[in-house]
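Engineer: Mind having a look at this structure? Questions to follow.
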Amino acid sequence: MHGLCDLRPRMPRRSDRGLEIALMARKLMKGNEAICHGAVAAGCAAFFGYPITPQNEIPEKMSTLMPDNGRAFVQAESEVAAINMVFGAASTGKRAMTSSSSPGISLKQEGISYIAACELPCVIVNVQRGGPGLGTIFAGQVDYFQAVKGGGHGDYHTLTIAPWSAQECYDFMPLAFDLADKYRNPVLVLMDGIIGQMIEPAELHPVEVHDYPKPWAANGARGRAHNIINSLWMDPKTLENLNERLQAKYEEAARQEVRYHQYMTEDAELILVAYGSTARICRTVVDLAREDGMKVGLFRPVTLFPFPSAQIAELARVGKRFMSVEMSTGQMVEDVRLAVNGMADVAFYGRTGGAIPTPTEILDKVRATFGKPPSISHYPKTAGPEDREVSH
Amino acid sequence: MEKVFERPKGLTDAEFHYCPGCMHSIVHRIVGEVLDELNIIQTTIGVCPVGCAVFMYEYMSCDMIEAAHGRAPAVATGVKRVMPEQVVFCYQGDGDLASIGTAEIIHAAARGEKISVIFINNTTYGMTGGQMAPTTLVGQKATTCPRGRDPEVNGYPIRVCEMLATLDGPSYIERVAPTSPASIAKTKKAIKHAFENQLAGKSFSLVEVLCTCPTHWKISAIDSLKWVEENMTPVYPPGVFVDR
């Protein structure tokens, strides 16, 4: 897979001392499997899921991993039921999660809205595929709007983090549960079919499970007044207060939780902005472009909500140009443009429908912004007619 | 003087918002008494519906969760699976349970979830203003079938107890019609049995309660009791469908 070069320096070498230990600790697995191990390490008490490709390894793995660790697993009758089971389990203060892929995440939006309104912590994994409708089972990044702008009805957001490797799939689950508990808010782990399906090494290191006090939990009114988990407020001022509290929470998260990675942005003239598997591809593009004499860097938002707007604005202020690269017809690019706020050019390149952009085709778009003709291919082009390309 | 009758501790001091002649008040009180008598107020988590009983969380003194429309059995499943030692009940109306929530109730029953469900069947969507419910009788008028329910257009009422009784999951299913002091006592016995089953570790229990809605039936409270007996019980016969 494109971008594997990222991992080369970290692969154990024969000459390494302690190679055996390293090999024991690092295991080859799909991103979907790493999600499961990360969830269990994070103290997830319950998983509720439903089959849909390309996330099936998650409920499959969880069906034994959870009971083997004394946790709950239920294959729900629908995505709708699964998220409502999460709602119930999260209401008791226990860590709970569900996973799905694009069409299933749409079905969960009703429940996610209620969970956000009731300020319940939980984790939702979306292994995105192409859309709209049934779309395709192949990878996509077409649920960005749904993920970061709210998703269901009402004025709310899910905190959203995007792993780009199996390792991050493992590492981000404890982070997701911590953020959920800290902010009493649903956290979305936004993957794509490639990150979910790609097999690569991941280290399942021990995780410190943080205990957050949950005096609000509906777990039995022993020695206290009864707790109510509710999202219905007939008094406009009460509901307005809730909405203001939610917004304050998102502002706090924007101050505290923004995460991003930069690669060779310091001297770059053009910065590629990408997340998930597309960022892996773009990292290769940066190397190819540098060999080609063009100063290109990569900015990878790790938190998509809150979005690293201030950091991108700062890069724009010092004169960088941008190109958002996505497996969509242009969604994250809107947040890049909002961050840049007219200070710099923001180009876009995307493939969609399950097509994956190759480093070469992205490189050609990069060359165009430097006024150069298309390159002699470093990689063979993947199948797929040119007319499926989308650029604006 | 000796106190022989008082408000059960299972209920809070909040006043019910229900219409005169509505049976939600009776069934709420029964649930409150049962929580009291079984000494489970502190270990019970209730899940209430969308519908007239949406504010039930104000009335019960146990912990309560307000679910989305029809999703109470899924929410209750989530609670029970992480807190198997606690008592979990759902309280749902006919639109909630038998229309938008059919998948959730059937699969909770099929899984044999160890929860107790109180199902209020009053043949109408009370809270939204008297629209046709899945349990509205053939010929019965409602705001979305003002000429009466026509099977050609609207199909037929759903018999929830009979449908769920085909499954192996439930341990107890009974339908009651609390139209008299004697049948109110019977209703309490049934609801108590549903909770006792759960305390005994038994699977899914459901009690369907045939209830009045004088407001939307547009008849008096007294006449509505007669209406239940004369029109509802022939279609929804009271009785025990499963008890094992």
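Labels for the structure tokens follow display order: chains A, B, ..., residues from 1 in each chain, ligands from 1.
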With a distance cut-off of 8 Å and only C-alpha atoms, select the neighbouring residues of segment 197-210 of chain B, excluding the residue or stretch itself and same-chain residues fewer than 3 positions from it, and output the selection as JSON, numbers by chain.

Structural biologist: {"B": [87, 108, 109, 112, 113, 114, 115, 116, 117, 118, 119, 120, 121, 122, 161, 169, 170, 171, 172, 173, 174, 175, 176, 177, 178, 187, 190, 191, 193, 194, 228, 232]}

Engineer: Can I get the residues of chain B within 9 Å of chain A, each with the closest pair of atoms and their distance in Å to one decimal, using only C-alpha atoms, sorted chain first then ascending number, as CSV?

Structural biologist:
residue,atom,partner,partner_atom,distance
B:Ile41,CA,A:Ala221,CA,7.3
B:Gln42,CA,A:Ala221,CA,4.5
B:Thr43,CA,A:Gly220,CA,4.6
B:Thr44,CA,A:Gly220,CA,5.7
B:Ile45,CA,A:Gly220,CA,6.2
B:Val47,CA,A:Gly88,CA,8.9
B:Val54,CA,A:Leu232,CA,8.7
B:Phe55,CA,A:Leu232,CA,8.8
B:Tyr57,CA,A:Ile228,CA,6.6
B:Glu58,CA,A:Ile228,CA,8.3
B:Met60,CA,A:His226,CA,8.4
B:Ser61,CA,A:His226,CA,5.8
B:Cys62,CA,A:His226,CA,5.4
B:Asp63,CA,A:His226,CA,4.7
B:Met64,CA,A:Ile228,CA,4.9
B:Ile65,CA,A:Ile229,CA,4.6
B:Glu66,CA,A:Asn230,CA,5.0
B:Ala67,CA,A:Asn230,CA,7.7
B:Ala68,CA,A:Tyr114,CA,7.4
B:Arg71,CA,A:Asn84,CA,6.5
B:Ala72,CA,A:Asn84,CA,8.1
B:Pro73,CA,A:Met85,CA,8.5
B:Ala74,CA,A:Met85,CA,5.0
B:Val75,CA,A:Gly88,CA,4.2
B:Ala76,CA,A:Gly88,CA,6.0
B:Thr77,CA,A:Met85,CA,6.0
B:Gly78,CA,A:Met85,CA,4.0
B:Val79,CA,A:Ala89,CA,4.6
B:Lys80,CA,A:Ala89,CA,7.8
B:Arg81,CA,A:Ala72,CA,6.2
B:Val82,CA,A:Ala89,CA,6.2
B:Met83,CA,A:Asn219,CA,7.6
B:Gln86,CA,A:Gly220,CA,7.3
B:Val87,CA,A:Gly220,CA,8.8
B:Ala103,CA,A:Glu77,CA,7.2
B:Glu104,CA,A:Ala81,CA,6.5
B:His107,CA,A:Glu77,CA,6.5
B:Ala108,CA,A:Glu77,CA,8.9

Engineer: Quick one: residues within 8 Å of Val273 of chain A, only C-alpha atoms, excluding same-chain residues fewer than 4 positions away - as a list in words?

Structural biologist: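 The filter keeps Ala279, Leu298, Phe299, Arg300, Pro301, Phe322, Met323, Ser324 and Val325 of chain A.
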
Engineer: If we count only C-alpha atoms and set the cut-off at 8 Å, which residues sit around Ala355 of chain A, ignoring sequence neighbours fewer than 3 positions away in its own chain? Please answer as a ChimeraX atom specification.

Structural biologist: /A:138-140,327,351-352,384

Engineer: Go ahead and save the picked residues with C-alpha atoms, as a tab-separated table (two decimals), in the first residue's frame.

Structural biologist:
chain	number	residue	atom	x	y	z
A	138	PHE	CA	-14.57	0.09	-1.20
A	139	ALA	CA	-12.93	2.86	0.76
A	140	GLY	CA	-14.17	6.44	0.77
A	327	MET	CA	-11.41	10.40	-1.34
A	351	ARG	CA	-11.15	10.62	-6.24
A	352	THR	CA	-14.42	9.07	-5.25
A	384	GLY	CA	-10.01	3.88	-13.55
